[in-house]
$ cat start-v1.cif   # mmCIF, C-alpha atoms
data_upload
#
loop_
_atom_site.label_atom_id
_atom_site.label_comp_id
_atom_site.auth_asym_id
_atom_site.auth_seq_id
_atom_site.Cartn_x
_atom_site.Cartn_y
_atom_site.Cartn_z
CA MET A 1 -25.68 -13.17 -63.03
CA ASP A 2 -22.89 -13.33 -65.56
CA GLU A 3 -19.68 -12.14 -63.94
CA ARG A 4 -18.88 -9.72 -66.78
CA LEU A 5 -22.35 -8.17 -66.55
CA GLU A 6 -22.07 -7.89 -62.78
CA LYS A 7 -18.75 -6.08 -63.11
CA ALA A 8 -20.12 -3.78 -65.80
CA LEU A 9 -23.14 -2.87 -63.64
CA GLU A 10 -20.89 -2.28 -60.65
CA PHE A 11 -18.78 0.04 -62.79
CA SER A 12 -21.85 1.93 -64.02
CA LYS A 13 -22.91 2.49 -60.38
CA TYR A 14 -19.46 3.84 -59.72
CA ARG A 15 -19.69 6.17 -62.75
CA ILE A 16 -23.05 7.58 -61.62
CA ALA A 17 -21.79 8.08 -58.08
CA LEU A 18 -18.68 9.82 -59.38
CA PHE A 19 -20.71 12.06 -61.67
CA ASN A 20 -23.05 13.03 -58.82
CA ARG A 21 -20.16 13.84 -56.49
CA LYS A 22 -18.41 15.93 -59.13
CA GLU A 23 -21.59 17.88 -59.90
CA ASP A 24 -22.25 18.40 -56.16
CA LEU A 25 -18.73 19.66 -55.77
CA LYS A 26 -19.05 22.11 -58.67
CA ILE A 27 -22.26 23.55 -57.24
CA LYS A 28 -20.81 23.79 -53.76
CA VAL A 29 -17.76 25.63 -55.08
CA ASN A 30 -19.99 27.95 -57.11
CA ASN A 31 -21.94 28.72 -53.94
CA MET A 32 -18.71 29.41 -52.09
CA LEU A 33 -17.84 31.99 -54.75
CA VAL A 34 -20.90 34.14 -53.98
CA HIS A 35 -19.90 37.30 -52.13
CA ALA A 36 -22.13 39.90 -50.49
CA HIS A 37 -20.91 43.48 -50.20
CA ASN A 38 -22.73 46.68 -49.33
CA GLY A 39 -26.12 45.13 -50.12
CA GLY A 40 -25.02 43.70 -53.45
CA ILE A 41 -24.40 40.10 -54.50
CA PHE A 42 -21.30 39.31 -56.53
CA ARG A 43 -20.04 36.10 -58.06
CA VAL A 44 -16.28 35.98 -57.67
CA THR A 45 -15.00 35.22 -61.14
CA GLN A 46 -11.59 35.67 -62.67
CA GLU A 47 -13.15 38.53 -64.66
CA LEU A 48 -14.32 40.33 -61.51
CA VAL A 49 -10.95 39.85 -59.81
CA THR A 50 -9.09 41.18 -62.86
CA PHE A 51 -11.38 44.18 -63.27
CA VAL A 52 -11.12 45.18 -59.62
CA LYS A 53 -7.33 44.72 -59.74
CA LEU A 54 -7.25 46.98 -62.81
CA LEU A 55 -9.17 49.67 -60.90
CA VAL A 56 -6.89 49.35 -57.89
CA ASP A 57 -3.82 49.56 -60.13
CA ALA A 58 -5.27 52.73 -61.65
CA ASN A 59 -5.27 54.18 -58.09
CA ARG A 60 -9.03 54.21 -57.76
CA ASP A 61 -10.32 53.91 -54.22
CA ARG A 62 -13.99 53.63 -55.01
CA ALA A 63 -16.17 52.57 -57.92
CA VAL A 64 -19.70 51.48 -58.74
CA LEU A 65 -19.98 47.84 -59.80
CA ILE A 66 -23.04 46.08 -61.20
CA ASP A 67 -24.01 43.10 -59.06
CA GLU A 68 -25.58 39.74 -59.99
CA ASN A 69 -29.08 41.21 -59.86
CA GLY A 70 -28.15 44.13 -62.10
CA ASN A 71 -28.08 46.63 -59.24
CA PRO A 72 -25.37 49.31 -59.02
CA VAL A 73 -23.39 48.89 -55.82
CA GLU A 74 -20.88 51.43 -54.60
CA ILE A 75 -17.61 49.92 -53.42
CA VAL A 76 -16.04 52.49 -51.15
CA ASN A 77 -12.74 50.74 -50.53
CA LEU A 78 -11.59 48.87 -53.62
CA PRO A 79 -8.31 47.47 -52.16
CA ASP A 80 -10.25 45.91 -49.26
CA PHE A 81 -12.85 44.56 -51.65
CA LEU A 82 -10.10 43.03 -53.76
CA ASP A 83 -8.67 41.31 -50.68
CA GLU A 84 -12.11 39.96 -49.79
CA ILE A 85 -12.85 38.51 -53.21
CA LEU A 86 -9.34 37.10 -53.62
CA SER A 87 -9.62 35.41 -50.25
CA LYS A 88 -12.98 33.94 -51.25
CA TYR A 89 -11.58 32.83 -54.60
CA PHE A 90 -8.63 31.01 -53.04
CA GLU A 91 -10.74 29.44 -50.32
CA ALA A 92 -13.15 28.02 -52.93
CA THR A 93 -10.56 26.89 -55.47
CA ASN A 94 -8.30 25.30 -52.85
CA TYR A 95 -11.29 23.41 -51.48
CA TYR A 96 -12.24 22.37 -55.01
CA HIS A 97 -8.72 21.13 -55.72
CA SER A 98 -8.43 19.19 -52.50
CA GLU A 99 -11.83 17.48 -52.92
CA TYR A 100 -11.30 16.85 -56.62
CA THR A 101 -7.95 15.19 -55.94
CA LYS A 102 -9.62 12.86 -53.44
CA LEU A 103 -12.32 12.01 -55.98
CA ARG A 104 -9.83 11.25 -58.73
CA SER A 105 -8.20 8.60 -56.60
CA ALA A 106 -11.51 7.04 -55.55
CA ARG A 107 -12.01 3.69 -57.25
CA SER A 108 -15.28 2.49 -55.76
CA VAL A 109 -18.67 3.85 -54.69
CA ASN A 110 -17.63 3.38 -51.05
CA SER A 111 -14.49 5.41 -51.45
CA ILE A 112 -16.38 8.16 -53.30
CA TYR A 113 -18.56 8.41 -50.21
CA GLU A 114 -15.86 8.14 -47.60
CA PHE A 115 -18.64 9.03 -45.18
CA VAL A 116 -19.92 5.45 -45.52
CA ASN A 117 -16.77 3.82 -44.28
CA ASP A 118 -16.47 5.33 -40.83
CA MET B 1 -49.47 44.90 -38.00
CA THR B 2 -48.72 43.03 -34.78
CA GLU B 3 -47.35 45.34 -32.09
CA TYR B 4 -44.82 43.54 -29.95
CA PRO B 5 -43.70 44.75 -26.52
CA ASP B 6 -40.42 46.65 -26.23
CA GLY B 7 -37.43 44.38 -26.69
CA PHE B 8 -39.40 41.72 -28.55
CA SER B 9 -38.59 42.97 -32.03
CA LEU B 10 -35.14 42.49 -33.50
CA PRO B 11 -33.35 43.71 -36.64
CA ARG B 12 -33.02 40.44 -38.54
CA GLY B 13 -33.91 36.81 -38.17
CA TYR B 14 -35.58 33.66 -39.41
CA VAL B 15 -39.24 32.75 -39.09
CA ILE B 16 -40.32 29.11 -39.17
CA TYR B 17 -43.93 27.92 -39.01
CA ALA B 18 -44.91 24.67 -37.30
CA HIS B 19 -48.41 23.27 -37.01
CA ASN B 20 -48.36 19.54 -36.30
CA ASN B 21 -50.73 17.03 -37.79
CA SER B 22 -51.18 13.49 -36.53
CA ASN B 23 -48.34 12.10 -38.66
CA ILE B 24 -45.74 14.83 -38.87
CA ASP B 25 -44.13 16.59 -35.95
CA TYR B 26 -43.39 19.95 -37.59
CA ALA B 27 -42.19 21.32 -34.25
CA ALA B 28 -39.42 18.70 -34.16
CA LEU B 29 -38.49 19.63 -37.74
CA ALA B 30 -38.37 23.28 -36.68
CA ILE B 31 -36.14 22.44 -33.69
CA CYS B 32 -33.73 20.51 -35.93
CA ASN B 33 -33.58 23.31 -38.47
CA SER B 34 -33.26 26.06 -35.87
CA LEU B 35 -30.38 24.32 -34.16
CA LEU B 36 -28.66 23.88 -37.53
CA ILE B 37 -29.13 27.61 -38.16
CA LYS B 38 -27.56 28.34 -34.76
CA LYS B 39 -24.69 26.03 -35.61
CA ASN B 40 -23.96 27.17 -39.17
CA LEU B 41 -25.01 30.78 -39.53
CA LYS B 42 -23.66 33.99 -38.08
CA HIS B 43 -27.01 35.77 -37.90
CA ASN B 44 -29.15 33.19 -36.22
CA THR B 45 -32.08 34.73 -34.40
CA ILE B 46 -35.15 32.57 -34.89
CA ALA B 47 -38.86 33.01 -34.26
CA LEU B 48 -41.20 30.04 -34.26
CA VAL B 49 -44.82 30.60 -35.23
CA THR B 50 -46.96 27.83 -33.81
CA ASP B 51 -50.25 26.97 -32.15
CA ASN B 52 -51.09 25.96 -28.63
CA ALA B 53 -51.46 22.23 -29.26
CA THR B 54 -48.19 22.01 -31.19
CA ALA B 55 -46.37 23.98 -28.49
CA GLN B 56 -47.73 21.71 -25.75
CA TYR B 57 -46.67 18.63 -27.71
CA MET B 58 -43.22 20.12 -28.21
CA GLU B 59 -42.86 20.96 -24.50
CA HIS B 60 -43.85 17.41 -23.62
CA PHE B 61 -41.07 15.83 -25.70
CA TYR B 62 -38.28 18.40 -25.53
CA SER B 63 -36.70 20.14 -22.56
CA SER B 64 -37.36 23.83 -22.10
CA LYS B 65 -33.58 24.33 -22.26
CA LEU B 66 -33.44 22.84 -25.77
CA ILE B 67 -36.48 24.83 -26.89
CA ARG B 68 -34.90 28.05 -25.57
CA GLN B 69 -31.69 27.11 -27.32
CA ALA B 70 -33.53 26.63 -30.62
CA PHE B 71 -35.89 29.60 -30.60
CA ASP B 72 -35.40 33.21 -29.56
CA ARG B 73 -39.07 34.04 -29.89
CA ILE B 74 -42.18 31.85 -29.93
CA ILE B 75 -45.24 33.47 -31.46
CA MET B 76 -48.53 31.80 -30.69
CA VAL B 77 -51.32 31.92 -33.25
CA GLU B 78 -54.58 30.09 -33.75
CA LYS B 79 -54.19 26.86 -35.68
CA PRO B 80 -55.50 27.52 -39.20
CA THR B 81 -59.08 26.39 -39.54
CA ASP B 82 -58.94 26.10 -43.33
CA GLU B 83 -56.84 22.98 -43.16
CA SER B 84 -57.11 20.53 -46.03
CA THR B 85 -55.95 17.01 -46.73
CA ARG B 86 -52.84 16.21 -48.70
CA ARG B 87 -50.94 13.12 -49.64
CA PHE B 88 -47.47 12.65 -48.19
CA HIS B 89 -44.87 10.15 -49.38
CA ASP B 90 -42.22 8.51 -47.27
CA THR B 91 -39.99 7.01 -50.00
CA ARG B 92 -41.63 5.26 -52.94
CA TYR B 93 -43.01 2.61 -50.67
CA THR B 94 -45.13 4.40 -48.09
CA MET B 95 -47.86 6.92 -48.58
CA PHE B 96 -50.26 8.51 -46.13
CA GLU B 97 -52.82 11.26 -46.09
CA ASP B 98 -53.13 13.86 -43.41
CA THR B 99 -54.19 17.42 -42.82
CA TYR B 100 -52.04 20.23 -44.16
CA ASN B 101 -52.14 23.09 -41.69
CA ASN B 102 -49.41 25.42 -42.86
CA THR B 103 -51.75 27.69 -44.74
CA ASN B 104 -51.23 30.82 -42.67
CA ARG B 105 -47.77 31.79 -43.87
CA PRO B 106 -49.02 34.81 -45.85
CA ASN B 107 -49.48 36.39 -42.39
CA VAL B 108 -45.73 36.39 -41.84
CA TYR B 109 -45.41 40.05 -42.76
CA ASP B 110 -47.60 40.97 -39.79
CA LEU B 111 -46.23 38.37 -37.42
CA SER B 112 -42.52 38.66 -38.02
CA PRO B 113 -40.75 40.50 -35.22
CA PHE B 114 -37.85 41.29 -37.53
CA GLU B 115 -37.09 44.25 -39.78
CA GLU B 116 -35.41 41.81 -42.18
CA THR B 117 -36.85 38.30 -42.24
CA ILE B 118 -36.01 35.02 -43.90
CA LEU B 119 -39.08 32.80 -43.92
CA LEU B 120 -38.05 29.16 -44.06
CA ASP B 121 -39.84 25.85 -44.41
CA SER B 122 -39.07 23.71 -41.39
CA ASP B 123 -37.78 20.98 -43.72
CA TYR B 124 -35.35 23.22 -45.61
CA LEU B 125 -32.27 22.25 -43.61
CA MET B 126 -29.56 24.88 -43.30
CA LEU B 127 -26.36 22.87 -43.68
CA ASP B 128 -24.07 25.66 -44.88
CA ASN B 129 -23.54 29.37 -44.24
CA THR B 130 -24.64 30.83 -47.59
CA MET B 131 -27.88 32.26 -46.19
CA ASP B 132 -25.76 34.78 -44.25
CA LEU B 133 -25.17 36.54 -47.57
CA ALA B 134 -28.82 37.57 -47.85
CA TRP B 135 -28.87 40.14 -45.04
CA ASP B 136 -28.67 43.84 -45.65
CA SER B 137 -29.54 43.35 -49.30
CA THR B 138 -30.48 46.20 -51.61
CA GLU B 139 -33.50 44.05 -52.57
CA ASP B 140 -36.68 44.22 -50.48
CA PHE B 141 -37.88 40.77 -51.47
CA MET B 142 -36.04 37.70 -52.73
CA CYS B 143 -37.02 34.11 -53.44
CA ASN B 144 -35.95 31.43 -55.87
CA ARG B 145 -37.43 30.03 -59.07
CA LYS B 146 -34.74 27.55 -59.91
CA THR B 147 -34.68 24.08 -58.36
CA ILE B 148 -32.22 21.23 -58.62
CA ASP B 149 -32.83 17.75 -57.29
CA LEU B 150 -30.22 15.39 -55.90
CA ASP B 151 -29.68 13.91 -59.36
CA HIS B 152 -29.03 17.41 -60.75
CA LYS B 153 -32.23 17.59 -62.74
CA SER B 154 -33.49 21.13 -62.91
CA ASN B 155 -36.99 20.71 -64.30
CA ASN B 156 -38.56 18.43 -61.74
CA PHE B 157 -41.91 20.08 -61.67
CA GLY B 158 -42.37 20.38 -65.41
CA PHE B 159 -42.94 23.34 -67.72
CA ASP B 160 -39.61 24.99 -66.94
CA ASN B 161 -40.85 25.80 -63.45
CA ARG B 162 -44.12 27.33 -64.57
CA PHE B 163 -47.70 26.39 -63.68
CA ASN B 164 -48.18 25.13 -67.21
CA GLU B 165 -46.60 25.67 -70.61
CA MET B 166 -48.36 29.01 -71.11
CA SER B 167 -48.46 30.28 -67.56
CA ILE B 168 -46.49 32.38 -65.14
CA PRO B 169 -43.17 31.57 -63.44
CA LEU B 170 -43.37 29.43 -60.35
CA TYR B 171 -41.57 30.87 -57.32
CA TRP B 172 -40.84 28.77 -54.26
CA ALA B 173 -42.00 29.84 -50.81
CA THR B 174 -39.50 27.41 -49.26
CA ALA B 175 -37.15 30.30 -48.49
CA VAL B 176 -38.21 33.92 -48.79
CA TYR B 177 -36.23 36.99 -47.77
CA PHE B 178 -38.09 40.21 -47.16
CA ARG B 179 -37.55 43.57 -45.58
CA LYS B 180 -40.50 45.39 -44.03
CA SER B 181 -41.40 47.66 -46.95
CA GLU B 182 -44.32 48.62 -49.17
CA LYS B 183 -43.32 46.04 -51.79
CA SER B 184 -43.15 43.16 -49.31
CA ARG B 185 -46.39 44.19 -47.60
CA LEU B 186 -48.16 44.28 -50.95
CA ILE B 187 -46.95 40.81 -51.93
CA PHE B 188 -48.10 39.24 -48.67
CA GLN B 189 -51.43 41.08 -48.81
CA LEU B 190 -51.93 39.73 -52.32
CA MET B 191 -51.00 36.22 -51.13
CA ASN B 192 -53.76 36.45 -48.56
CA PHE B 193 -56.17 37.69 -51.21
CA VAL B 194 -55.25 34.78 -53.50
CA LYS B 195 -55.72 32.39 -50.59
CA GLU B 196 -59.21 33.73 -49.89
CA ASN B 197 -60.14 33.34 -53.57
CA TYR B 198 -58.08 30.25 -54.31
CA ALA B 199 -60.63 28.48 -56.49
CA TYR B 200 -60.98 31.54 -58.73
CA TYR B 201 -57.22 31.89 -59.19
CA GLN B 202 -56.89 28.19 -59.84
CA TYR B 203 -59.11 28.62 -62.91
CA LEU B 204 -57.59 31.95 -63.91
CA TYR B 205 -54.00 30.69 -63.81
CA ARG B 206 -54.90 27.11 -64.75
CA PHE B 207 -52.87 25.20 -62.27
CA ASN B 208 -53.69 21.72 -61.07
CA HIS B 209 -55.46 21.97 -57.75
CA SER B 210 -53.68 19.45 -55.56
CA GLY B 211 -56.51 19.54 -53.04
CA TYR B 212 -54.80 21.86 -50.59
CA PHE B 213 -53.60 25.44 -50.48
CA ARG B 214 -50.11 25.81 -51.94
CA ASN B 215 -48.07 28.71 -50.59
CA ASP B 216 -45.84 28.49 -53.67
CA TYR B 217 -48.76 29.07 -56.02
CA ALA B 218 -50.17 31.94 -53.98
CA LEU B 219 -46.71 33.53 -53.81
CA SER B 220 -46.18 33.19 -57.57
CA ILE B 221 -49.56 34.73 -58.37
CA ALA B 222 -49.00 37.52 -55.84
CA ILE B 223 -45.62 38.33 -57.40
CA HIS B 224 -47.19 38.36 -60.86
CA MET B 225 -49.98 40.68 -59.68
CA ALA B 226 -47.60 42.95 -57.78
CA ASN B 227 -45.51 43.23 -60.94
CA ASN B 228 -48.44 44.66 -62.90
CA LEU B 229 -49.08 41.20 -64.45
CA MET B 230 -45.69 41.33 -66.16
CA GLU B 231 -43.02 38.69 -66.01
CA TYR B 232 -39.79 40.52 -66.51
CA GLY B 233 -37.67 42.16 -63.86
CA SER B 234 -39.84 41.11 -60.98
CA ILE B 235 -38.09 39.34 -58.11
CA SER B 236 -34.40 38.67 -57.60
CA PRO B 237 -33.21 35.28 -56.41
CA LEU B 238 -31.55 34.63 -53.07
CA PRO B 239 -27.71 34.76 -53.07
CA VAL B 240 -27.63 31.06 -53.92
CA ASP B 241 -30.02 31.21 -56.82
CA HIS B 242 -31.51 27.72 -56.63
CA LEU B 243 -33.10 25.37 -54.12
CA LEU B 244 -31.64 21.92 -53.73
CA PHE B 245 -34.54 19.49 -53.42
CA SER B 246 -34.64 15.98 -52.13
CA MET B 247 -37.87 14.49 -53.40
CA GLU B 248 -40.39 12.58 -51.29
CA ASN B 249 -39.09 9.34 -52.83
CA ASP B 250 -35.63 9.87 -51.35
CA GLU B 251 -34.36 8.49 -48.08
CA LEU B 252 -32.03 10.01 -45.50
CA HIS B 253 -29.86 7.17 -44.19
CA ARG B 254 -27.40 8.92 -41.97
CA PHE B 255 -26.70 12.35 -40.60
CA LYS B 256 -23.15 12.83 -39.44
CA ASP B 257 -20.88 15.85 -39.04
CA GLY B 258 -23.39 18.11 -40.75
CA CYS B 259 -23.62 15.89 -43.79
CA CYS B 260 -26.62 13.88 -45.01
CA LEU B 261 -26.08 10.52 -46.65
CA MET B 262 -29.10 10.06 -48.88
CA THR B 263 -30.36 7.89 -51.68
CA SER B 264 -32.58 9.03 -54.48
CA GLU B 265 -34.62 6.58 -56.50
CA PRO B 266 -35.50 8.24 -59.82
CA THR B 267 -36.99 5.00 -61.11
CA GLN B 268 -38.03 2.10 -58.94
CA GLY B 269 -35.08 0.03 -57.80
CA ASP B 270 -32.49 2.42 -59.24
CA PHE B 271 -30.83 3.86 -56.16
CA HIS B 272 -28.33 6.72 -56.38
CA MET B 273 -26.24 7.66 -53.40
CA HIS B 274 -25.63 11.29 -52.38
CA SER B 275 -23.67 13.04 -49.73
CA VAL B 276 -25.22 16.43 -49.07
CA SER B 277 -23.63 19.24 -47.07
CA ARG B 278 -25.45 22.17 -48.71
CA ASN B 279 -28.79 23.63 -47.75
CA VAL B 280 -31.36 21.05 -48.78
CA HIS B 281 -35.14 20.92 -48.86
CA ILE B 282 -35.95 17.38 -47.76
CA MET B 283 -39.52 16.81 -48.83
CA ASN B 284 -39.68 13.41 -47.13
CA LYS B 285 -40.35 14.85 -43.70
CA ARG B 286 -40.51 11.50 -41.95
CA ALA B 287 -36.97 10.80 -43.16
CA ILE B 288 -35.76 13.88 -41.25
CA LEU B 289 -37.75 12.87 -38.18
CA ARG B 290 -36.12 9.42 -38.17
CA LYS B 291 -32.73 11.17 -37.86
CA LYS B 292 -33.78 14.00 -35.56
CA ASP B 293 -31.70 12.76 -32.61
CA GLU B 294 -28.53 12.71 -34.74
CA ILE B 295 -29.29 16.18 -36.12
CA ILE B 296 -29.95 17.64 -32.67
CA ALA B 297 -26.84 15.97 -31.22
CA TYR B 298 -24.67 17.41 -34.00
CA ALA B 299 -26.22 20.85 -33.91
CA THR B 300 -25.88 21.19 -30.15
CA SER B 301 -22.32 19.83 -30.00
#

$ encode --input "start-v1.cif" --output "structure tokens"
Amino acid sequence: MDERLEKALEFSKYRIALFNRKEDLKIKVNNMLVHAHNGGIFRVTQELVTFVKLLVDANRDRAVLIDENGNPVEIVNLPDFLDEILSKYFEATNYYHSEYTKLRSARSVNSIYEFVND
Amino acid sequence: MTEYPDGFSLPRGYVIYAHNNSNIDYAALAICNSLLIKKNLKHNTIALVTDNATAQYMEHFYSSKLIRQAFDRIIMVEKPTDESTRRFHDTRYTMFEDTYNNTNRPNVYDLSPFEETILLDSDYLMLDNTMDLAWDSTEDFMCNRKTIDLDHKSNNFGFDNRFNEMSIPLYWATAVYFRKSEKSRLIFQLMNFVKENYAYYQYLYRFNHSGYFRNDYALSIAIHMANNLMEYGSISPLPVDHLLFSMENDELHRFKDGCCLMTSEPTQGDFHMHSVSRNVHIMNKRAILRKKDEIIAYATS
């Protein structure tokens, strides 16, 4: 095979592998941002964090929030809930950052799947 | 409903069915998955529903210590007599036909010893802890519609996950959460009714009869019937709102540290590599069985 074609195909394999890993990572991080509380399911977004912080700052201890399935869920201790979702948010985003940094420096299919090398 | 002796029933747990055929050791799949549940999930009580022959086969190949480690309860039932033949693929390059025995899952409402149950396919490997979020839900019944394959395609089964372009939504029985309640009982009763009249419902809902009873189809029809034949507002998804699928064409090459190294082959000869550490439904069951020793070693470490 022509050397230039071989290199191009090798690079396209690398691009597909990189794309797949990035998409996997996004989905994994999205899954890490799901939070269950008092029977409700919440996705920890910046919007949710900001809204709960606003309620806490307004000295509210409890509130009813609408969960992912559209159900009203009573949160009886808003400051605790805020701690929980912030902790989840930082856990997920730190993981995302650390894995994404590794991916950015990966220059071959093998290094994208570090698993293969050991 | 099945009356269990005192102490047998528990508040929440997983139910996995396993009825072996001559090619696929479903009991081994169930052991692998149960041990992964024990390893990765906080609430990890598991009941196996199986038949006498499968249990004997399992006891022959696995120590009673390992079996006790994997399962908290073993519920013996008669092997379904309405078995049918289906085609299984082991990558693109091997195909075999065998009996499909897992037709009795609509009975799970009666058989489950749990107040809250997650019914799982034995080949839906629990590699992360997200299923812990399902317990104590305000919903009585949850299952997923959305699927994503390893190549991130979300419409693998055509028609935007419907039976056909004009039909009802397709729900997946791969993972189903339910609480013992009127709603759940009704859905499983309807599933049994659909099963008994499968040919009729095949024509009514116009799905392709694959030659064997599909739990997914019966579940979808039951949900539609239980929802007064309406589509909207019926069933909520599980906390992670999609199922990650590895198709029968895919291969599992290695299992290490809770991570699957797999290849998909969307078109012949075009191999894509994937490293999977999320819950994944591996439809190529033989691929899991080839790595069962690695899975068991990891899950028991």

$ residues_around --input "start-v1.cif" --residues "stretch 102-108 of chain A" --least-positions-apart "6" --cutoff "12 Å" --atoms "all atoms listed in the file" --output "PyMOL selection string"
chain A and resi 7+10-25+95-96+114+116-117

$ interface_residues --input "start-v1.cif" --of "chain A" --to "chain B" --cutoff "9 Å" --atoms "all atoms listed in the file" --output "list in words"
Lys13, Ile16, Ala17, Asn20, Arg21, Glu23, Asp24, Lys28, Asn30, Asn31, Met32, Val34, His35, Ala36, His37, Asn38, Gly39, Gly40, Ile41, Phe42, Glu68, Asn69, Asn71, Val73, Val109, Tyr113, Phe115 and Val116 of chain A

$ atom_distance --input "start-v1.cif" --atom1 "atom CA of B:Arg214" --atom2 "atom CA of B:Thr103"
7.6 Å

$ resolve_selection --input "start-v1.cif" --expression "the PyMOL selection byres ((chain B and resi 98) around 10)" --output "NGL selection string"
:B and (21-24 or 83-88 or 96-97 or 99-101)

$ residues_around --input "start-v1.cif" --residues "A:Thr93" --least-positions-apart "3" --cutoff "10 Å" --atoms "all atoms listed in the file" --output "CSV table (one decimal) with C-alpha atoms, in the coordinates of the input"
chain,number,residue,atom,x,y,z
A,29,VAL,CA,-17.8,25.6,-55.1
A,30,ASN,CA,-20.0,28.0,-57.1
A,32,MET,CA,-18.7,29.4,-52.1
A,33,LEU,CA,-17.8,32.0,-54.8
A,88,LYS,CA,-13.0,33.9,-51.2
A,89,TYR,CA,-11.6,32.8,-54.6
A,90,PHE,CA,-8.6,31.0,-53.0
A,96,TYR,CA,-12.2,22.4,-55.0
A,97,HIS,CA,-8.7,21.1,-55.7
A,98,SER,CA,-8.4,19.2,-52.5
A,99,GLU,CA,-11.8,17.5,-52.9

$ resolve_selection --input "start-v1.cif" --expression "the PyMOL selection byres ((chain B and resi 26) around 10)" --output "VMD selection string"
chain B and resid 16 to 21 23 to 25 27 to 32 50 54 58 102 121 to 123 285 to 286 289

$ closest_residue --input "start-v1.cif" --among "A:Asp67, A:Glu74, A:Leu9, A:Lys26" --to "A:Val44" --atoms "only C-alpha atoms"
A:Asp67

$ decode --input "start-v1.cif" --residues "stretch 85-132 of chain B" --atoms "C-alpha atoms" --output "compact mmCIF listing (two decimals), in the first residue's frame"
# COMPACT_ATOMS: atom_id res chain seq x y z
CA THR B 85 -35.78 -21.69 18.50
CA ARG B 86 -33.81 -18.54 17.86
CA ARG B 87 -30.70 -17.61 15.99
CA PHE B 88 -27.69 -16.45 18.00
CA HIS B 89 -24.63 -14.71 16.60
CA ASP B 90 -21.13 -14.90 17.98
CA THR B 91 -19.47 -12.04 16.07
CA ARG B 92 -20.18 -11.66 12.35
CA TYR B 93 -18.51 -14.95 11.64
CA THR B 94 -20.36 -17.55 13.69
CA MET B 95 -24.04 -18.24 13.92
CA PHE B 96 -25.96 -20.99 15.65
CA GLU B 97 -29.53 -21.86 16.45
CA ASP B 98 -30.75 -23.08 19.78
CA THR B 99 -33.76 -23.06 22.04
CA TYR B 100 -34.76 -19.85 23.77
CA ASN B 101 -36.08 -20.71 27.20
CA ASN B 102 -36.31 -17.37 28.96
CA THR B 103 -39.99 -16.93 28.25
CA ASN B 104 -41.23 -17.02 31.84
CA ARG B 105 -40.05 -13.61 32.98
CA PRO B 106 -43.57 -12.14 33.11
CA ASN B 107 -43.93 -14.31 36.24
CA VAL B 108 -41.35 -12.21 38.06
CA TYR B 109 -43.99 -10.22 39.91
CA ASP B 110 -45.16 -13.40 41.64
CA LEU B 111 -41.73 -14.93 42.08
CA SER B 112 -39.73 -11.97 43.28
CA PRO B 113 -39.04 -12.13 47.01
CA PHE B 114 -38.42 -8.39 47.09
CA GLU B 115 -40.69 -5.43 47.77
CA GLU B 116 -38.62 -3.45 45.27
CA THR B 117 -37.10 -5.46 42.42
CA ILE B 118 -34.75 -4.80 39.54
CA LEU B 119 -35.17 -7.51 36.94
CA LEU B 120 -32.00 -7.87 34.91
CA ASP B 121 -30.92 -9.85 31.88
CA SER B 122 -28.01 -12.07 32.82
CA ASP B 123 -25.96 -10.48 30.02
CA TYR B 124 -26.55 -6.89 31.13
CA LEU B 125 -23.28 -6.52 33.02
CA MET B 126 -23.29 -4.11 35.95
CA LEU B 127 -19.93 -2.37 35.65
CA ASP B 128 -20.78 0.85 37.51
CA ASN B 129 -22.85 1.92 40.51
CA THR B 130 -25.60 3.93 38.79
CA MET B 131 -28.28 1.28 39.39
CA ASP B 132 -28.09 2.15 43.10
